[in-house]
There are 2 protein chains.
Amino acid sequence: MKKLMTLAILMVALNSFASQDSIFIRKIYDEALVSGQCYENLRSLCKDVGARITGSAEAKMAIKWGHDLLSSYGFDNVYLQEIKVPHWERGTTEAGWMLNEQKEMLKMNILALGGSVGTEGLLEGEIILVESVEDLEKVGKEKIKGKIVFFNKPFDQTQINTFKAYGACANQRWEGATKAALYDAKAVIIRSLAQSTDEHAHTGSMHYEEGVMQIPAAAISTVDADRMLEWLQKGKVYVKMEMDCRYYADETSYNVIAEMTGNEDDKIITFGGHLDSWDVGEGAHDDGAGIVHSIEAIRILHKLNYFNNHTLRCVLFMNEENGNFGGKYYAEIATENNEKHICAIESDRGGFLPIGFDIQGTPEQVELVRQFKDLLFDFELYKFEPGYSGVDIRPLLNHYPEMLQLGMVINSQEYFDYHHAETDVFESVNKRELELGSAAMAAIIYLMDKTL
Amino acid sequence: MKKLMTLAILMVALNSFASQDSIFIRKIYDEALVSGQCYENLRSLCKDVGARITGSAEAKMAIKWGHDLLSSYGFDNVYLQEIKVPHWERGTTEAGWMLNEQKEMLKMNILALGGSVGTEGLLEGEIILVESVEDLEKVGKEKIKGKIVFFNKPFDQTQINTFKAYGACANQRWEGATKAALYDAKAVIIRSLAQSTDEHAHTGSMHYEEGVMQIPAAAISTVDADRMLEWLQKGKVYVKMEMDCRYYADETSYNVIAEMTGNEDDKIITFGGHLDSWDVGEGAHDDGAGIVHSIEAIRILHKLNYFNNHTLRCVLFMNEENGNFGGKYYAEIATENNEKHICAIESDRGGFLPIGFDIQGTPEQVELVRQFKDLLFDFELYKFEPGYSGVDIRPLLNHYPEMLQLGMVINSQEYFDYHHAETDVFESVNKRELELGSAAMAAIIYLMDKTL
């Protein structure tokens, strides 16, 4: 009888917790959807600042923008965290043409890959088709030598999660140039890592390996890639291209940080996105959305007078796109300062409909998050699977291997229509979906703060 | 031991069924995503036919379009089902202005509600604000008499499912004119049933009750509604409006039907959307998407040589928007012909990301569908809740109360930005999301055919 009584009391208590959580999360959503500021914040980031590649004047503006905005909300602590970052810029000349044996010539939509060397004037060469990086060996040095390698691996359209399709061909962008240089190619053209067939080129990061010849690398639109393929079936294809992109000296830059100090202890929950973007479009989905999600999450918790147990730290990371030095320094400085990191949450998958969180942790941590599935189902969040957290927060795991990390999962169907392309502008983001993302971030921060 | 053996055999058998299902559904998705035709079909419906209100020349074109397309796929049976439909048209004059005591005058974005009478020349009157139909009594006949009632109930932005927000203010469109006429109003202006604040007016169906004065009714954009509200706070506001919309004589029209005859019995699974649309935009989401979802679903099942137990019947319903005579006749003819209807599935919530199916049925039927939750989770379908099926198939339930009905659930966040407005065009539909909708339809038809 006594046991039954205890059980009954426990169940009432649990229900009451659950219902408190449910009421508070409802308040978060109401604030986000009725008095939300993330959409106008994103408009400002996209239109007043614009594209903001690390090291650029716009990146400096973005840091000031973030610091000013966070300061205006009255948190305990808003500050800049100094870091060193690379500085690559596209320059002013960027063009490409393809030509065939029938003397046809077409201007291509081309974008240098981020980190590529320039062409030092006009570069001309014959195209050699290589379906993927893995096929270089099959084609062989004899055919590749002195030519421009065209990597044409397309997205696998059958992947429901488009990030899997992206992941499967991302190496042609990341290491295509270095691998092709080993076969004496003179340059590399890749099919854009894009979902749709359209006229936009998509840039993104690439790197050179030590001791390997540095050859220029650029992406062309999927339409141009299809056309090139078509021409190659009829005969030889040549490309003329010119790019004056280059690296400048490393720069001092900053992560931007705002905190609500913990009331119970000095453990830290980090959440954020990245403030830098590529230098085309406006970095609206990638990752303006994650930035305003994170700012809005802490604004809402603050506005609702949430009494947080642990320190809630909103971080606008710099330099995710080409180096990830914001994330790496953040983790190193945390360790140097003997900070206690228990959880980190990232939003870097766009401003579309949020559907859940990927959980990077032990099976116990996965279950810890999943206990809130029913609660969050009412807000159309349903996906709580083991998975990857985010590029910016990932380095923390090297220093805090036992911490829990979460990556917000967002409807991925349209993401790669905009990713790293001139189409990634404010107008491509829907207000309601962006607001739901902010609310989902705030809700999961609240639940983790209460639970961990 | 024998029991254990039986159990083991049963479990192997069950697993093997599950894995067959999983393999077949994977094939459905592959076909939809790699060789899908729904996106190009939607382009054709939107661009070659366009907006297609019941009774219009375009509606006739749409019937031919549907019949030709379905015939081209080689089903057992493609035919037209004759029905009688109303014929209302907007006419050529439609305009509205608002004026205030400061002599300011602004042209409004206005759309007659579908079914409204015209104004018979220019109609002028003073605006009386009534927050919702329910508030008419509170405002009272004395203040309303001779004026133009402005119903301004906005969407409740806190609803996660936007259809709930829509449902909560839909009566100002449907019965606002009739209710206001009882208070001697001379016309009705409603705030568009729209999610976002923008310049587009949204039309939709309204009706008059027998014996009540028929007064004109129109929707204005949410921006105009907000401006009108602002002006009303400063003084009197007047409206001038002119609309020459009207009813014509009833017409003969058609539902368009294609069948894969059942191999096991003559029971019928109906699935479809509605071929008619409002007369603005291109009816892309509403309900071009449902039309091409349904056509694609039967095309895919046919192409994969699916050996269906029951008759699979794809129906392109006519006249959902203003009368639902397609759905009503379909149900009546079914009964007259002693057809055996066991299941009906509708897609009429747009071409965005599909997320599950609302289940209209008994608790047992709900569980019957939910047994496939895990299977469909891999395709990001997760919502299988009791709910509403669809306007077109709903009349079947009057005749077959024991049948199971399903309504495809689609991410609703953006739907009411486009619904019944000039923005509902092909370009607002994403190829992948549309294809996933087609695959989800085909998958659920397959599962229901195997299970029922």
# chains A, B, ... in the order shown; residues from 1 in each chain; ligands from 1
>>> calpha_fit_and_write(fixed="chain B", moving="chain A", output="short mmCIF file (atom, residue, chain, number, x, y, z; two decimals) with C-alpha atoms, in the first residue's frame")
data_model
loop_
_atom_site.label_atom_id
_atom_site.label_comp_id
_atom_site.auth_asym_id
_atom_site.auth_seq_id
_atom_site.Cartn_x
_atom_site.Cartn_y
_atom_site.Cartn_z
CA MET A 1 8.44 -26.36 -28.26
CA LYS A 2 5.94 -26.65 -31.06
CA LYS A 3 4.43 -23.32 -30.07
CA LEU A 4 7.87 -21.74 -30.12
CA MET A 5 8.50 -23.17 -33.57
CA THR A 6 5.20 -21.81 -34.85
CA LEU A 7 5.98 -18.44 -33.35
CA ALA A 8 9.42 -18.48 -34.93
CA ILE A 9 7.99 -19.32 -38.36
CA LEU A 10 5.34 -16.65 -37.97
CA MET A 11 7.96 -14.07 -37.04
CA VAL A 12 10.14 -14.98 -40.00
CA ALA A 13 7.09 -14.75 -42.24
CA LEU A 14 6.12 -11.36 -40.78
CA ASN A 15 9.64 -10.07 -41.16
CA SER A 16 9.76 -11.23 -44.69
CA PHE A 17 6.47 -9.44 -45.43
CA ALA A 18 7.83 -6.34 -43.78
CA SER A 19 10.98 -6.51 -45.79
CA GLN A 20 9.05 -7.12 -49.04
CA ASP A 21 7.00 -4.03 -48.25
CA SER A 22 10.11 -2.08 -47.48
CA ILE A 23 11.74 -3.14 -50.76
CA PHE A 24 8.68 -2.30 -52.80
CA ILE A 25 8.21 1.10 -51.17
CA ARG A 26 11.88 1.83 -51.79
CA LYS A 27 11.22 1.11 -55.48
CA ILE A 28 8.27 3.49 -55.44
CA TYR A 29 10.46 6.27 -54.02
CA ASP A 30 13.27 5.56 -56.46
CA GLU A 31 10.90 5.82 -59.40
CA ALA A 32 9.34 9.03 -58.06
CA LEU A 33 12.67 10.70 -57.32
CA VAL A 34 14.72 9.55 -60.31
CA SER A 35 12.21 9.15 -63.15
CA GLY A 36 9.29 11.07 -61.71
CA GLN A 37 6.82 12.84 -63.98
CA CYS A 38 4.70 14.71 -61.48
CA TYR A 39 6.71 17.92 -61.59
CA GLU A 40 6.51 18.23 -65.37
CA ASN A 41 2.84 17.22 -65.23
CA LEU A 42 2.22 20.03 -62.77
CA ARG A 43 4.09 22.47 -64.99
CA SER A 44 1.81 21.47 -67.85
CA LEU A 45 -1.37 21.75 -65.78
CA CYS A 46 -0.31 25.18 -64.49
CA LYS A 47 1.15 26.63 -67.67
CA ASP A 48 -0.78 24.93 -70.50
CA VAL A 49 -4.12 25.06 -68.69
CA GLY A 50 -3.75 27.52 -65.81
CA ALA A 51 -6.40 28.53 -63.28
CA ARG A 52 -9.52 26.41 -63.88
CA ILE A 53 -12.61 27.35 -61.97
CA THR A 54 -15.57 25.00 -62.38
CA GLY A 55 -17.55 25.74 -65.51
CA SER A 56 -14.82 27.81 -67.17
CA ALA A 57 -13.21 27.11 -70.51
CA GLU A 58 -10.04 26.25 -68.59
CA ALA A 59 -11.88 23.65 -66.49
CA LYS A 60 -12.93 21.97 -69.74
CA MET A 61 -9.31 22.07 -70.91
CA ALA A 62 -8.23 20.54 -67.60
CA ILE A 63 -10.66 17.64 -68.06
CA LYS A 64 -9.23 16.94 -71.50
CA TRP A 65 -5.70 17.36 -70.10
CA GLY A 66 -6.37 14.80 -67.36
CA HIS A 67 -8.10 12.34 -69.65
CA ASP A 68 -5.34 12.55 -72.27
CA LEU A 69 -2.57 12.16 -69.70
CA LEU A 70 -4.17 9.20 -67.93
CA SER A 71 -4.96 7.57 -71.28
CA SER A 72 -1.30 7.87 -72.29
CA TYR A 73 -0.25 5.68 -69.35
CA GLY A 74 -2.15 2.59 -70.51
CA PHE A 75 -4.42 1.80 -67.57
CA ASP A 76 -7.25 -0.73 -67.86
CA ASN A 77 -9.90 1.89 -67.84
CA VAL A 78 -9.91 5.65 -68.28
CA TYR A 79 -13.22 7.48 -68.43
CA LEU A 80 -15.21 10.60 -67.66
CA GLN A 81 -17.98 10.60 -65.09
CA GLU A 82 -20.68 13.12 -65.97
CA ILE A 83 -21.85 15.50 -63.27
CA LYS A 84 -23.78 18.81 -62.98
CA VAL A 85 -21.89 21.78 -61.60
CA PRO A 86 -22.49 25.44 -60.79
CA HIS A 87 -20.81 28.08 -62.92
CA TRP A 88 -19.73 31.30 -61.28
CA GLU A 89 -17.28 33.71 -62.84
CA ARG A 90 -15.46 36.78 -61.62
CA GLY A 91 -16.16 38.85 -64.68
CA THR A 92 -13.94 41.61 -65.93
CA THR A 93 -14.43 44.48 -63.52
CA GLU A 94 -13.14 44.16 -60.00
CA ALA A 95 -11.75 47.05 -58.00
CA GLY A 96 -11.89 48.64 -54.60
CA TRP A 97 -10.66 51.80 -52.88
CA MET A 98 -10.64 52.95 -49.31
CA LEU A 99 -11.03 56.58 -48.32
CA ASN A 100 -10.78 58.42 -45.02
CA GLU A 101 -11.84 61.74 -43.56
CA GLN A 102 -8.44 63.20 -44.40
CA LYS A 103 -9.39 62.68 -48.06
CA GLU A 104 -6.76 60.01 -48.50
CA MET A 105 -7.72 57.37 -51.04
CA LEU A 106 -5.98 54.04 -51.60
CA LYS A 107 -6.63 51.33 -54.14
CA MET A 108 -7.05 47.99 -52.39
CA ASN A 109 -6.07 44.54 -53.55
CA ILE A 110 -9.51 43.00 -53.65
CA LEU A 111 -11.00 39.69 -54.80
CA ALA A 112 -14.70 38.87 -54.87
CA LEU A 113 -15.45 35.79 -52.81
CA GLY A 114 -16.47 32.86 -54.95
CA GLY A 115 -20.24 32.85 -55.26
CA SER A 116 -20.72 36.52 -54.45
CA VAL A 117 -23.20 38.66 -56.33
CA GLY A 118 -21.80 41.67 -58.15
CA THR A 119 -22.18 45.27 -57.06
CA GLU A 120 -24.27 46.45 -60.04
CA GLY A 121 -22.06 49.44 -60.70
CA LEU A 122 -20.04 51.34 -58.13
CA LEU A 123 -21.01 50.58 -54.55
CA GLU A 124 -20.05 53.07 -51.86
CA GLY A 125 -20.43 52.92 -48.14
CA GLU A 126 -18.99 53.55 -44.74
CA ILE A 127 -17.01 50.76 -43.11
CA ILE A 128 -18.10 49.27 -39.80
CA LEU A 129 -15.51 47.08 -38.14
CA VAL A 130 -16.77 43.78 -36.77
CA GLU A 131 -13.96 41.63 -35.38
CA SER A 132 -15.66 38.35 -36.24
CA VAL A 133 -19.04 36.95 -37.26
CA GLU A 134 -19.72 36.22 -33.61
CA ASP A 135 -19.42 39.93 -32.81
CA LEU A 136 -22.24 41.07 -35.12
CA GLU A 137 -24.76 40.98 -32.32
CA LYS A 138 -22.51 42.94 -29.98
CA VAL A 139 -22.10 45.72 -32.55
CA GLY A 140 -25.83 45.66 -33.33
CA LYS A 141 -28.14 46.53 -36.21
CA GLU A 142 -28.20 50.24 -35.50
CA LYS A 143 -24.51 50.66 -36.22
CA ILE A 144 -24.38 48.11 -39.04
CA LYS A 145 -27.43 49.12 -41.08
CA GLY A 146 -26.55 50.50 -44.51
CA LYS A 147 -22.81 50.08 -43.95
CA ILE A 148 -20.12 47.80 -45.32
CA VAL A 149 -19.11 45.30 -42.67
CA PHE A 150 -15.37 44.70 -42.32
CA PHE A 151 -14.69 41.28 -40.74
CA ASN A 152 -11.10 41.36 -39.59
CA LYS A 153 -10.48 38.11 -37.72
CA PRO A 154 -6.80 37.25 -38.28
CA PHE A 155 -5.04 33.89 -38.21
CA ASP A 156 -4.01 32.71 -34.77
CA GLN A 157 -0.27 32.57 -35.34
CA THR A 158 0.28 30.32 -32.32
CA GLN A 159 -1.33 27.33 -34.03
CA ILE A 160 1.44 25.00 -35.15
CA ASN A 161 -0.90 23.41 -37.69
CA THR A 162 -2.00 26.34 -39.83
CA PHE A 163 -5.17 24.55 -40.94
CA LYS A 164 -6.46 25.09 -37.39
CA ALA A 165 -5.83 28.83 -37.70
CA TYR A 166 -7.61 28.78 -41.06
CA GLY A 167 -10.56 26.83 -39.69
CA ALA A 168 -10.99 29.27 -36.83
CA CYS A 169 -11.69 32.25 -39.12
CA ALA A 170 -13.12 30.54 -42.21
CA ASN A 171 -16.70 31.37 -41.26
CA GLN A 172 -16.20 35.08 -41.96
CA ARG A 173 -15.70 34.07 -45.58
CA TRP A 174 -18.30 31.30 -45.78
CA GLU A 175 -21.23 32.92 -43.98
CA GLY A 176 -20.10 36.50 -43.31
CA ALA A 177 -22.28 38.03 -46.03
CA THR A 178 -25.43 36.19 -45.03
CA LYS A 179 -24.96 36.95 -41.35
CA ALA A 180 -24.18 40.61 -42.00
CA ALA A 181 -27.19 40.93 -44.30
CA LEU A 182 -29.39 39.98 -41.35
CA TYR A 183 -28.13 43.22 -39.76
CA ASP A 184 -28.91 45.18 -42.95
CA ALA A 185 -25.31 45.60 -44.07
CA LYS A 186 -24.98 46.57 -47.73
CA ALA A 187 -21.77 44.61 -48.43
CA VAL A 188 -19.00 42.70 -46.71
CA ILE A 189 -15.22 43.03 -46.85
CA ILE A 190 -13.16 40.35 -45.12
CA ARG A 191 -9.54 40.16 -44.09
CA SER A 192 -8.01 37.49 -46.36
CA LEU A 193 -7.68 34.06 -44.80
CA ALA A 194 -3.92 34.25 -45.06
CA GLN A 195 -0.98 33.39 -42.85
CA SER A 196 1.35 36.15 -43.85
CA THR A 197 1.10 39.89 -43.97
CA ASP A 198 1.32 40.72 -47.65
CA GLU A 199 -0.36 42.45 -50.58
CA HIS A 200 -2.31 39.47 -51.96
CA ALA A 201 -6.03 38.97 -51.58
CA HIS A 202 -7.26 35.40 -51.11
CA THR A 203 -10.61 34.35 -52.50
CA GLY A 204 -12.60 31.25 -51.53
CA SER A 205 -16.11 29.96 -51.26
CA MET A 206 -19.05 31.74 -49.62
CA HIS A 207 -22.77 31.08 -49.71
CA TYR A 208 -26.10 32.81 -49.21
CA GLU A 209 -28.86 31.39 -47.11
CA GLU A 210 -32.37 31.05 -48.52
CA GLY A 211 -34.51 34.09 -47.92
CA VAL A 212 -31.67 36.38 -46.86
CA MET A 213 -30.70 39.44 -48.91
CA GLN A 214 -27.71 38.67 -51.13
CA ILE A 215 -25.04 41.31 -50.60
CA PRO A 216 -21.62 41.47 -52.29
CA ALA A 217 -18.62 40.04 -50.44
CA ALA A 218 -14.92 40.44 -51.15
CA ALA A 219 -11.56 39.73 -49.53
CA ILE A 220 -8.81 42.30 -49.17
CA SER A 221 -5.14 41.63 -48.55
CA THR A 222 -3.85 41.45 -45.00
CA VAL A 223 -1.79 44.59 -45.65
CA ASP A 224 -4.93 46.44 -46.73
CA ALA A 225 -6.81 45.04 -43.74
CA ASP A 226 -4.13 46.34 -41.37
CA ARG A 227 -4.22 49.72 -43.09
CA MET A 228 -7.99 49.89 -42.85
CA LEU A 229 -7.76 49.08 -39.15
CA GLU A 230 -5.22 51.85 -38.70
CA TRP A 231 -7.45 54.36 -40.50
CA LEU A 232 -10.46 53.26 -38.46
CA GLN A 233 -8.59 54.16 -35.31
CA LYS A 234 -8.37 57.74 -36.60
CA GLY A 235 -11.91 58.18 -37.87
CA LYS A 236 -14.45 57.13 -40.44
CA VAL A 237 -13.41 55.00 -43.40
CA TYR A 238 -15.34 54.62 -46.64
CA VAL A 239 -15.05 52.04 -49.39
CA LYS A 240 -15.85 52.21 -53.07
CA MET A 241 -16.00 48.88 -54.82
CA GLU A 242 -17.15 47.45 -58.09
CA MET A 243 -17.44 43.77 -59.05
CA ASP A 244 -19.38 42.21 -61.90
CA CYS A 245 -19.05 38.58 -60.83
CA ARG A 246 -22.13 36.41 -61.33
CA TYR A 247 -23.60 32.95 -61.63
CA TYR A 248 -24.36 31.47 -65.03
CA ALA A 249 -26.57 28.47 -65.73
CA ASP A 250 -25.40 25.14 -64.32
CA GLU A 251 -23.13 23.17 -66.59
CA THR A 252 -22.37 19.60 -67.43
CA SER A 253 -18.88 18.68 -66.27
CA TYR A 254 -16.87 15.59 -65.41
CA ASN A 255 -14.77 13.77 -62.88
CA VAL A 256 -11.85 12.10 -64.65
CA ILE A 257 -11.15 8.51 -63.62
CA ALA A 258 -8.45 5.91 -64.27
CA GLU A 259 -8.43 2.38 -62.91
CA MET A 260 -6.21 -0.60 -62.35
CA THR A 261 -8.74 -3.42 -62.05
CA GLY A 262 -8.51 -5.56 -58.93
CA ASN A 263 -7.02 -9.00 -59.34
CA GLU A 264 -8.64 -10.52 -56.26
CA ASP A 265 -12.03 -8.85 -55.95
CA ASP A 266 -14.14 -5.89 -56.99
CA LYS A 267 -13.55 -3.80 -53.88
CA ILE A 268 -12.40 -0.28 -54.61
CA ILE A 269 -9.71 1.99 -53.22
CA THR A 270 -10.29 5.56 -54.41
CA PHE A 271 -7.57 8.18 -54.34
CA GLY A 272 -7.40 11.65 -55.79
CA GLY A 273 -7.44 15.37 -55.54
CA HIS A 274 -9.46 18.07 -57.24
CA LEU A 275 -8.97 19.22 -60.79
CA ASP A 276 -10.76 22.55 -60.46
CA SER A 277 -9.10 25.50 -58.78
CA TRP A 278 -9.92 29.09 -58.00
CA ASP A 279 -9.62 31.53 -60.86
CA VAL A 280 -6.47 33.32 -59.68
CA GLY A 281 -2.90 32.06 -59.77
CA GLU A 282 -2.54 28.62 -61.33
CA GLY A 283 -3.97 26.31 -58.68
CA ALA A 284 -0.51 24.80 -58.25
CA HIS A 285 -0.67 23.84 -54.58
CA ASP A 286 -4.49 23.86 -54.49
CA ASP A 287 -4.89 21.32 -55.87
CA GLY A 288 -2.68 20.79 -58.88
CA ALA A 289 -0.33 19.08 -56.44
CA GLY A 290 -2.99 16.58 -55.34
CA ILE A 291 -3.88 15.89 -58.97
CA VAL A 292 -0.32 15.10 -60.01
CA HIS A 293 0.35 13.23 -56.75
CA SER A 294 -2.56 10.93 -57.56
CA ILE A 295 -1.75 10.49 -61.25
CA GLU A 296 1.87 9.79 -60.39
CA ALA A 297 0.91 7.27 -57.70
CA ILE A 298 -1.10 5.14 -60.11
CA ARG A 299 1.51 5.58 -62.86
CA ILE A 300 4.24 4.30 -60.54
CA LEU A 301 2.22 1.30 -59.30
CA HIS A 302 1.41 0.44 -62.90
CA LYS A 303 4.99 0.87 -64.06
CA LEU A 304 6.30 -1.34 -61.24
CA ASN A 305 3.82 -4.02 -62.39
CA TYR A 306 2.16 -4.02 -59.02
CA PHE A 307 -0.36 -6.90 -58.83
CA ASN A 308 -3.18 -5.14 -57.00
CA ASN A 309 -5.77 -7.04 -55.01
CA HIS A 310 -8.51 -4.43 -55.17
CA THR A 311 -9.41 -1.98 -57.88
CA LEU A 312 -7.20 1.11 -57.59
CA ARG A 313 -9.13 4.10 -58.82
CA CYS A 314 -7.52 7.47 -59.38
CA VAL A 315 -10.14 10.23 -59.43
CA LEU A 316 -9.59 13.83 -60.55
CA PHE A 317 -12.60 15.42 -58.87
CA MET A 318 -14.30 18.47 -60.35
CA ASN A 319 -15.78 21.36 -58.37
CA GLU A 320 -14.29 20.95 -54.92
CA GLU A 321 -13.87 24.69 -54.51
CA ASN A 322 -17.43 25.88 -54.94
CA GLY A 323 -20.00 23.19 -54.43
CA ASN A 324 -18.16 19.86 -54.18
CA PHE A 325 -20.51 18.36 -56.74
CA GLY A 326 -17.76 16.12 -58.08
CA GLY A 327 -17.37 14.45 -54.71
CA LYS A 328 -21.12 14.31 -54.04
CA TYR A 329 -21.98 12.77 -57.43
CA TYR A 330 -19.09 10.35 -57.16
CA ALA A 331 -20.48 9.00 -53.89
CA GLU A 332 -24.04 8.83 -55.23
CA ILE A 333 -23.06 7.07 -58.43
CA ALA A 334 -20.98 4.60 -56.40
CA THR A 335 -24.05 3.72 -54.35
CA GLU A 336 -26.30 3.46 -57.40
CA ASN A 337 -23.84 1.07 -58.99
CA ASN A 338 -23.55 -0.98 -55.82
CA GLU A 339 -19.81 -0.47 -55.78
CA LYS A 340 -17.82 -1.80 -52.85
CA HIS A 341 -15.75 1.03 -51.42
CA ILE A 342 -13.31 0.08 -48.70
CA CYS A 343 -10.86 2.96 -48.65
CA ALA A 344 -10.36 6.48 -49.99
CA ILE A 345 -7.28 8.69 -49.83
CA GLU A 346 -7.07 12.38 -50.69
CA SER A 347 -4.26 14.82 -51.31
CA ASP A 348 -5.52 18.39 -51.01
CA ARG A 349 -3.10 20.19 -48.72
CA GLY A 350 -0.47 21.36 -51.16
CA GLY A 351 2.74 20.25 -52.77
CA PHE A 352 5.01 20.80 -49.77
CA LEU A 353 6.78 18.12 -47.74
CA PRO A 354 4.47 15.18 -46.91
CA ILE A 355 4.67 14.17 -43.25
CA GLY A 356 1.98 11.51 -42.80
CA PHE A 357 -1.71 10.75 -43.06
CA ASP A 358 -4.73 11.82 -41.07
CA ILE A 359 -6.90 8.80 -40.39
CA GLN A 360 -10.68 9.13 -40.49
CA GLY A 361 -11.95 5.86 -39.07
CA THR A 362 -12.49 3.69 -36.02
CA PRO A 363 -9.75 3.17 -33.43
CA GLU A 364 -9.13 -0.23 -35.06
CA GLN A 365 -8.66 1.42 -38.44
CA VAL A 366 -6.29 3.94 -36.87
CA GLU A 367 -4.21 1.06 -35.50
CA LEU A 368 -4.37 -0.74 -38.84
CA VAL A 369 -2.67 2.23 -40.50
CA ARG A 370 -0.30 2.85 -37.62
CA GLN A 371 1.22 -0.62 -37.92
CA PHE A 372 3.22 0.84 -40.83
CA LYS A 373 4.67 3.73 -38.82
CA ASP A 374 8.13 2.22 -38.46
CA LEU A 375 8.23 1.23 -42.10
CA LEU A 376 7.30 4.73 -43.27
CA PHE A 377 9.53 6.53 -40.77
CA ASP A 378 12.49 5.83 -43.09
CA PHE A 379 10.74 8.04 -45.63
CA GLU A 380 10.21 10.82 -43.08
CA LEU A 381 6.49 10.08 -42.74
CA TYR A 382 5.67 10.11 -39.05
CA LYS A 383 2.25 11.62 -38.45
CA PHE A 384 -0.57 9.10 -38.32
CA GLU A 385 -3.25 10.66 -36.16
CA PRO A 386 -7.03 10.49 -36.18
CA GLY A 387 -8.25 13.35 -38.34
CA TYR A 388 -10.00 14.61 -41.44
CA SER A 389 -9.65 12.96 -44.84
CA GLY A 390 -10.65 15.39 -47.60
CA VAL A 391 -13.57 17.34 -49.03
CA ASP A 392 -13.87 15.30 -52.25
CA ILE A 393 -13.92 11.86 -50.66
CA ARG A 394 -15.89 12.82 -47.54
CA PRO A 395 -19.35 12.25 -49.15
CA LEU A 396 -18.44 8.58 -49.67
CA LEU A 397 -18.58 8.17 -45.90
CA ASN A 398 -22.29 9.00 -45.92
CA HIS A 399 -22.84 5.93 -48.08
CA TYR A 400 -20.05 3.71 -46.78
CA PRO A 401 -19.81 4.58 -43.09
CA GLU A 402 -17.46 1.68 -42.40
CA MET A 403 -14.83 2.53 -44.99
CA LEU A 404 -11.40 3.88 -44.05
CA GLN A 405 -10.45 7.34 -45.24
CA LEU A 406 -7.05 9.02 -45.22
CA GLY A 407 -5.94 12.58 -45.87
CA MET A 408 -2.29 13.14 -46.74
CA VAL A 409 -0.70 15.48 -44.18
CA ILE A 410 1.70 17.99 -45.63
CA ASN A 411 3.90 20.61 -43.98
CA SER A 412 1.33 23.37 -43.58
CA GLN A 413 3.57 26.32 -42.70
CA GLU A 414 3.56 28.02 -46.11
CA TYR A 415 0.25 26.75 -47.48
CA PHE A 416 -1.83 29.79 -46.58
CA ASP A 417 0.67 32.15 -48.19
CA TYR A 418 -0.52 30.71 -51.52
CA HIS A 419 -4.01 29.34 -50.89
CA HIS A 420 -6.62 30.85 -53.28
CA ALA A 421 -4.28 33.70 -54.24
CA GLU A 422 -2.41 34.81 -57.34
CA THR A 423 0.78 33.52 -55.69
CA ASP A 424 -0.33 29.87 -56.07
CA VAL A 425 1.74 29.23 -59.17
CA PHE A 426 3.98 26.43 -60.39
CA GLU A 427 7.13 28.24 -59.26
CA SER A 428 5.99 28.01 -55.64
CA VAL A 429 6.25 24.21 -55.70
CA ASN A 430 9.52 22.40 -55.01
CA LYS A 431 10.27 19.42 -57.26
CA ARG A 432 11.59 17.08 -54.56
CA GLU A 433 8.80 17.80 -52.11
CA LEU A 434 6.20 17.23 -54.80
CA GLU A 435 7.85 13.94 -55.76
CA LEU A 436 7.93 12.80 -52.14
CA GLY A 437 4.19 13.48 -51.97
CA SER A 438 3.58 11.27 -54.99
CA ALA A 439 5.69 8.50 -53.51
CA ALA A 440 3.89 8.76 -50.17
CA MET A 441 0.53 8.43 -51.95
CA ALA A 442 1.71 5.38 -53.90
CA ALA A 443 3.17 3.80 -50.75
CA ILE A 444 -0.02 4.19 -48.71
CA ILE A 445 -2.20 2.93 -51.58
CA TYR A 446 0.06 -0.13 -51.86
CA LEU A 447 -0.06 -0.78 -48.11
CA MET A 448 -3.84 -0.37 -47.92
CA ASP A 449 -4.35 -2.59 -50.95
CA LYS A 450 -2.25 -5.32 -49.33
CA THR A 451 -3.82 -4.95 -45.90
CA LEU A 452 -7.55 -4.28 -46.35
#
>>> select_by_dssp(residues="segment 228-373 of chain A", states="strand (DSSP E)", output="JSON, numbers by chain")
{"A": [237, 238, 239, 240, 241, 242, 243, 246, 247, 248, 249, 250, 251, 252, 253, 254, 255, 256, 257, 258, 259, 260, 267, 268, 269, 270, 271, 272, 273, 274, 311, 312, 313, 314, 315, 316, 317, 340, 341, 342, 343, 344, 345, 346, 354, 355, 356, 357, 358, 359, 360]}
